[in-house]
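The file run15.txt comes next; it holds compact mmCIF, C-alpha atoms and all ligand atoms.
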# COMPACT_ATOMS: atom_id res chain seq x y z
CA MET A 1 13.86 -209.27 41.41
CA THR A 2 16.49 -209.12 38.70
CA LEU A 3 19.41 -206.77 39.12
CA THR A 4 20.64 -204.99 36.03
CA PRO A 5 24.25 -204.11 36.73
CA HIS A 6 25.80 -201.14 35.00
CA ALA A 7 28.76 -202.24 32.93
CA SER A 8 30.72 -199.14 33.79
CA THR A 9 33.81 -198.09 35.61
CA SER A 10 32.10 -195.43 37.71
CA ALA A 11 33.14 -195.10 41.36
CA GLY A 12 36.29 -197.02 40.51
CA ALA A 13 34.86 -200.51 39.91
CA SER A 14 35.54 -202.22 36.60
CA GLU A 15 34.10 -205.43 35.18
CA ILE A 16 36.96 -207.94 34.82
CA ALA A 17 34.77 -210.95 33.88
CA PRO A 18 31.02 -211.34 33.30
CA ASP A 19 29.27 -210.29 36.53
CA VAL A 20 32.57 -209.80 38.38
CA TRP A 21 33.61 -206.22 39.20
CA CYS A 22 36.83 -205.22 40.88
CA LEU A 23 37.40 -202.15 43.04
CA GLY A 24 41.17 -201.82 42.94
CA PRO A 25 44.04 -202.23 42.91
CA ARG A 26 44.12 -199.47 45.55
CA GLY A 27 46.87 -197.94 47.67
CA ARG A 28 50.45 -199.05 48.21
CA THR A 29 49.33 -202.60 48.96
CA GLN A 30 47.22 -202.64 45.74
CA THR A 31 44.31 -204.25 47.55
CA ASN A 32 41.24 -205.46 45.65
CA VAL A 33 37.64 -206.14 46.59
CA TYR A 34 35.19 -207.89 44.26
CA PHE A 35 31.49 -207.51 43.56
CA VAL A 36 30.01 -210.71 42.12
CA GLY A 37 26.57 -210.55 40.53
CA THR A 38 24.28 -213.57 40.26
CA GLY A 39 21.34 -212.19 38.27
CA SER A 40 18.96 -211.72 41.18
CA SER A 41 21.50 -210.64 43.76
CA TRP A 42 25.21 -210.17 44.41
CA CYS A 43 27.93 -210.82 46.99
CA LEU A 44 30.92 -208.83 48.12
CA VAL A 45 34.14 -210.86 48.19
CA ASP A 46 36.55 -209.30 50.70
CA ALA A 47 36.00 -205.98 52.37
CA GLY A 48 39.24 -203.99 52.15
CA TRP A 49 40.79 -201.95 54.95
CA ALA A 50 38.82 -200.42 57.82
CA ASN A 51 38.51 -197.05 56.07
CA ASP A 52 37.40 -198.51 52.70
CA GLY A 53 33.70 -198.82 53.64
CA PRO A 54 32.47 -195.59 51.95
CA SER A 55 34.28 -196.30 48.67
CA ILE A 56 32.95 -199.87 48.66
CA THR A 57 29.33 -198.78 49.19
CA GLN A 58 29.77 -196.07 46.52
CA ALA A 59 31.12 -198.59 44.01
CA ALA A 60 28.36 -201.08 44.89
CA GLU A 61 25.72 -198.42 44.19
CA ALA A 62 27.40 -197.50 40.91
CA VAL A 63 27.29 -201.14 39.78
CA PHE A 64 24.00 -202.45 41.21
CA GLY A 65 22.08 -199.24 41.95
CA ALA A 66 21.00 -197.74 45.26
CA GLY A 67 19.04 -199.87 47.72
CA ALA A 68 20.41 -203.20 46.47
CA PRO A 69 22.39 -204.68 49.38
CA PRO A 70 24.33 -207.91 48.80
CA ALA A 71 23.09 -211.33 49.91
CA ALA A 72 26.33 -211.79 51.84
CA ILE A 73 29.92 -210.73 52.35
CA LEU A 74 32.38 -213.58 51.74
CA LEU A 75 35.91 -213.27 53.13
CA THR A 76 38.92 -215.11 51.74
CA HIS A 77 40.49 -214.70 55.19
CA PHE A 78 40.45 -212.55 58.29
CA HIS A 79 43.26 -210.06 57.85
CA PRO A 80 42.78 -206.30 58.25
CA ASP A 81 43.34 -205.55 54.54
CA HIS A 82 40.53 -207.98 53.52
CA ALA A 83 38.14 -207.91 56.47
CA GLY A 84 38.70 -204.32 57.63
CA SER A 85 35.27 -202.97 56.63
CA ALA A 86 33.32 -206.25 56.95
CA ARG A 87 31.73 -205.44 60.29
CA THR A 88 30.66 -201.92 59.25
CA LEU A 89 29.31 -203.07 55.89
CA ALA A 90 27.45 -206.07 57.39
CA ARG A 91 25.65 -203.63 59.68
CA ILE A 92 24.88 -201.13 56.91
CA TRP A 93 23.61 -203.86 54.57
CA ASP A 94 22.17 -206.12 57.28
CA CYS A 95 23.81 -209.18 55.74
CA PRO A 96 25.92 -212.07 57.09
CA VAL A 97 29.70 -212.45 56.68
CA TYR A 98 30.85 -215.95 55.65
CA LEU A 99 34.29 -217.40 56.45
CA HIS A 100 35.77 -220.88 56.46
CA PRO A 101 35.08 -222.68 59.77
CA ASP A 102 38.85 -222.67 60.54
CA GLU A 103 38.89 -218.87 60.16
CA LEU A 104 35.84 -218.20 62.32
CA PRO A 105 37.66 -218.27 65.71
CA LEU A 106 40.05 -215.58 64.40
CA ALA A 107 37.14 -213.46 63.19
CA GLN A 108 35.40 -213.89 66.52
CA GLY A 109 38.41 -212.62 68.48
CA ASP A 110 39.61 -215.85 70.12
CA PHE A 111 43.08 -214.90 71.37
CA ALA A 112 44.29 -218.50 71.82
CA THR A 113 43.53 -219.24 68.14
CA ILE A 114 45.10 -215.95 67.06
CA ALA A 115 48.31 -216.98 68.89
CA LYS A 116 48.26 -220.50 67.35
CA SER A 117 47.80 -219.30 63.78
CA ALA A 118 50.18 -216.36 63.94
CA GLY A 119 52.59 -215.39 61.17
CA PRO A 120 56.13 -214.07 61.81
CA LEU A 121 54.99 -210.43 62.13
CA ASP A 122 52.45 -211.49 64.79
CA HIS A 123 55.12 -213.43 66.69
CA TRP A 124 57.60 -210.55 66.59
CA VAL A 125 55.30 -207.57 67.11
CA VAL A 126 51.56 -208.11 67.46
CA LEU A 127 51.41 -210.90 70.07
CA PRO A 128 54.00 -209.34 72.43
CA LEU A 129 52.07 -206.05 72.29
CA MET A 130 48.76 -207.78 72.92
CA ARG A 131 50.17 -209.75 75.84
CA ALA A 132 51.71 -206.59 77.29
CA MET A 133 48.43 -204.69 77.28
CA GLY A 134 46.78 -207.12 79.71
CA ARG A 135 43.75 -209.33 79.38
CA ARG A 136 41.00 -206.74 79.88
CA ARG A 137 42.34 -204.20 77.35
CA ARG A 138 43.12 -207.03 74.91
CA GLU A 139 39.57 -208.34 75.10
CA LEU A 140 38.16 -204.86 74.48
CA LEU A 141 40.47 -204.43 71.47
CA LEU A 142 39.51 -207.84 70.02
CA ALA A 143 35.80 -207.16 70.64
CA ALA A 144 36.07 -203.94 68.61
CA SER A 145 37.07 -205.85 65.45
CA SER A 146 35.18 -209.08 66.17
CA LEU A 147 32.63 -210.37 63.67
CA ARG A 148 31.04 -212.51 66.39
CA ASP A 149 27.49 -211.25 65.80
CA VAL A 150 27.54 -211.34 61.97
CA SER A 151 29.86 -214.22 60.94
CA ARG A 152 28.72 -217.63 59.64
CA PRO A 153 30.64 -220.76 58.55
CA LEU A 154 31.31 -221.09 54.84
CA GLY A 155 30.74 -224.51 53.25
CA PRO A 156 32.08 -226.02 50.02
CA GLU A 157 28.95 -224.92 48.11
CA THR A 158 28.53 -221.16 47.96
CA GLY A 159 25.06 -221.34 46.33
CA MET A 160 23.33 -221.30 49.66
CA MET A 161 25.23 -218.15 50.64
CA GLY A 162 24.06 -216.28 47.56
CA LEU A 163 26.73 -217.25 45.02
CA PRO A 164 25.36 -220.09 42.86
CA GLY A 165 27.77 -221.43 40.24
CA TRP A 166 30.80 -220.72 42.44
CA GLU A 167 32.80 -223.15 44.57
CA CYS A 168 34.71 -222.39 47.73
CA ILE A 169 38.26 -223.80 47.42
CA PRO A 170 40.10 -224.26 50.74
CA THR A 171 43.61 -222.80 50.36
CA PRO A 172 45.11 -222.93 53.86
CA GLY A 173 48.59 -221.66 54.56
CA HIS A 174 48.49 -217.87 54.61
CA THR A 175 45.91 -218.38 57.38
CA PRO A 176 44.40 -221.69 58.59
CA GLY A 177 41.01 -221.05 56.97
CA HIS A 178 42.01 -219.15 53.84
CA VAL A 179 39.75 -219.86 50.83
CA ALA A 180 39.56 -218.99 47.15
CA PHE A 181 36.39 -218.79 45.05
CA PHE A 182 36.11 -220.45 41.63
CA ARG A 183 33.49 -220.28 38.87
CA SER A 184 34.17 -223.38 36.77
CA SER A 185 31.87 -222.37 33.85
CA ASP A 186 34.42 -219.78 32.66
CA ARG A 187 37.28 -220.52 35.10
CA VAL A 188 37.27 -217.27 37.02
CA LEU A 189 39.33 -217.59 40.21
CA ILE A 190 39.34 -215.14 43.13
CA THR A 191 42.43 -215.97 45.17
CA GLY A 192 42.66 -213.59 48.13
CA ASP A 193 46.27 -213.71 49.36
CA ALA A 194 46.94 -217.36 48.40
CA LEU A 195 48.29 -216.16 45.04
CA VAL A 196 48.79 -212.51 44.09
CA THR A 197 50.26 -210.48 41.22
CA LEU A 198 52.24 -207.99 43.30
CA LYS A 199 55.75 -208.86 44.47
CA LEU A 200 54.85 -208.63 48.15
CA ASN A 201 57.76 -210.78 49.32
CA SER A 202 60.55 -208.41 48.41
CA LEU A 203 61.03 -204.93 49.81
CA THR A 204 61.93 -203.54 46.39
CA GLY A 205 58.90 -205.30 44.89
CA LEU A 206 56.61 -203.64 47.39
CA VAL A 207 58.27 -200.22 47.29
CA LEU A 208 58.54 -200.15 43.48
CA GLN A 209 55.12 -201.83 43.06
CA ARG A 210 56.60 -204.61 40.94
CA HIS A 211 54.09 -206.88 39.24
CA GLY A 212 54.43 -210.63 38.89
CA LEU A 213 52.97 -213.77 40.39
CA SER A 214 53.80 -214.21 44.05
CA GLY A 215 52.78 -216.39 46.94
CA PRO A 216 51.25 -214.82 50.03
CA PRO A 217 53.25 -212.27 52.05
CA ARG A 218 55.58 -214.41 54.17
CA TYR A 219 55.66 -212.03 57.13
CA THR A 220 51.93 -212.54 57.72
CA THR A 221 51.76 -216.22 56.65
CA TRP A 222 50.98 -218.92 59.21
CA SER A 223 52.34 -221.99 57.33
CA TRP A 224 54.55 -221.53 54.27
CA SER A 225 54.52 -225.25 53.41
CA ALA A 226 50.70 -225.35 53.42
CA ALA A 227 50.66 -222.13 51.38
CA ARG A 228 52.83 -223.77 48.68
CA VAL A 229 50.48 -226.76 48.47
CA SER A 230 47.59 -224.31 48.06
CA ILE A 231 49.35 -222.62 45.12
CA THR A 232 49.45 -226.02 43.41
CA THR A 233 45.75 -226.51 44.19
CA LEU A 234 44.99 -223.21 42.46
CA ALA A 235 47.19 -224.02 39.45
CA ARG A 236 45.26 -227.26 38.91
CA LEU A 237 42.09 -225.21 38.37
CA ARG A 238 43.68 -223.72 35.22
CA PRO A 239 42.13 -220.27 35.62
CA ASN A 240 41.26 -218.05 32.66
CA VAL A 241 40.94 -215.06 34.96
CA LEU A 242 43.05 -214.68 38.08
CA ALA A 243 41.46 -212.11 40.38
CA CYS A 244 43.83 -211.73 43.30
CA GLY A 245 43.75 -209.91 46.62
CA HIS A 246 46.68 -207.65 45.67
CA GLY A 247 47.75 -206.44 42.22
CA THR A 248 46.23 -206.29 38.78
CA HIS A 249 44.15 -209.27 37.65
CA LEU A 250 45.42 -211.60 34.92
CA ALA A 251 43.16 -212.72 32.08
CA GLY A 252 43.43 -214.60 28.82
CA PRO A 253 44.67 -217.87 27.37
CA THR A 254 48.18 -217.58 28.87
CA THR A 255 46.93 -217.20 32.45
CA ALA A 256 46.66 -220.91 33.29
CA ASP A 257 50.14 -221.66 31.95
CA ALA A 258 51.62 -218.71 33.85
CA VAL A 259 50.09 -219.95 37.11
CA ARG A 260 51.18 -223.52 36.39
CA ALA A 261 54.76 -222.41 35.73
CA PHE A 262 54.78 -220.33 38.91
CA ALA A 263 53.49 -223.29 40.95
CA GLY A 264 56.33 -225.39 39.48
CA ARG A 265 58.87 -222.75 40.51
CA SER A 266 57.38 -222.77 44.01
CA GLY A 267 59.02 -226.12 44.63
CA PHE A 268 56.21 -228.57 43.97
CA PRO A 269 55.77 -230.98 41.08
CA THR A 270 54.35 -229.05 38.13
CA PRO A 271 50.61 -229.74 38.07
CA ALA A 272 49.45 -231.94 35.20
CA ARG A 273 47.66 -230.14 32.39
ZN ZN B 301 46.38 -211.75 54.31
ZN ZN B 302 46.24 -209.22 51.85
Take the structure I supplied and represent it as structure tokens, if you would.
Ligand SMILES: [Zn+2]
Ligand SMILES: [Zn+2]
Amino acid sequence: MTLTPHASTSAGASEIAPDVWCLGPRGRTQTNVYFVGTGSSWCLVDAGWANDGPSITQAAEAVFGAGAPPAAILLTHFHPDHAGSARTLARIWDCPVYLHPDELPLAQGDFATIAKSAGPLDHWVVLPLMRAMGRRRRELLLAASSLRDVSRPLGPETGMMGLPGWECIPTPGHTPGHVAFFRSSDRVLITGDALVTLKLNSLTGLVLQRHGLSGPPRYTTWSWSAARVSITTLARLRPNVLACGHGTHLAGPTTADAVRAFAGRSGFPTPAR
């Protein structure tokens, strides 16, 4: 079967690169999800918030037509603004959800791993609340969002998961198993939260919706030093299109230099051209 996607902006999705559609930026956090076509099939990259399921299925139908479920859902990481609808959509579409092996224990509700890979907000608020609620209630809560029955480990080659021509780039830091996805033929890079174009790390940036390259949100980041190394990793790919988890995508000949300059400002040696 060959899918014939509709190059339209109906149901909110717009084509930002050949065979790559973006639903977003949406809401105050300017969250994006991506629909990536491969000729015979397609994959969803990230799954928005828990209440985004209906708008994602609507946009998918607008792009690929009704009755054309994806081969898989790929998650850059397991946070509620990227994995929120993954469980619901995997059931509707009867497809697997792929994550990096280091992210799988989080997605499968392992509390010990959640505690080990926590960001500041988790340490201050989420973990104390979860400990206070007691083991039984905590396990029920984690089971409700767990992807245990639908999740699979993501490898370096995404072809076998339904995304030929794309590589999975490990970008740990924001979470232990965060990944980006890269199509080297035209240098399209989907970055999740490893690198975004919304100023998430300043209150005024978030409130005023200021645009500009930014690292991941610090308050939900597990290891800032690893996150900075990952920004350099992404800059070395010299993207032509930067499709991030939050904020408007960047495209064009200045994109790679902008990312390279930002990586230099992040405190690491400027990546070689
Ligand atoms: Zn995140
Ligand atoms: Zn995010």
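Residue nearest ligand ZN 302 (chain B) within the list A:Ala13, A:Ala71, A:Ala47, A:Met161: A:Ala47 [criterion: smallest interatomic distance, only C-alpha atoms and all ligand atoms].
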Taking all atoms listed in the file and a cut-off of 8 Å, can you tell me which residues surround ligand ZN 301 (chain B), written as an NGL selection string? :A and (77-82 or 174-175 or 192-193 or 216-217 or 220-221)
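The space between atom CA of A:Val259 and atom CA of A:Gly27 spans 24.6 Å.
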Who sits within 10 Å of stretch 48-63 of chain A, all atoms listed in the file, same chain under 4 positions skipped, as number ranges by chain: A: 3-15, 19, 21-24, 26, 31-35, 37, 42-44, 67-70, 75, 79-89, 92-93, 145, 245
Close residues, A:Pro120 itself excluded, 10 Å, all atoms listed in the file, min 4 positions apart in chain, as a PyMOL selection string: chain A and resi 124-126+218-223
From the list A:Arg260, A:Arg265, A:Arg28, A:Arg137, which residue is nearest ligand ZN 302 (chain B) when using all atoms listed in the file? A:Arg28
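Note that the spacing between atom CA of A:Val188 and atom CA of A:Thr255 amounts to 10.7 Å.
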Using only C-alpha atoms and all ligand atoms, which of the listed residues (A:Ala227, A:Leu104, A:Cys244, A:Ile73) sits closest to ligand ZN 302 (chain B)? A:Cys244
Measuring between all atoms listed in the file, which one of A:Leu213, A:Val45, A:Leu200, A:Ala194 shows the shortest distance to A:Ile231? A:Ala194
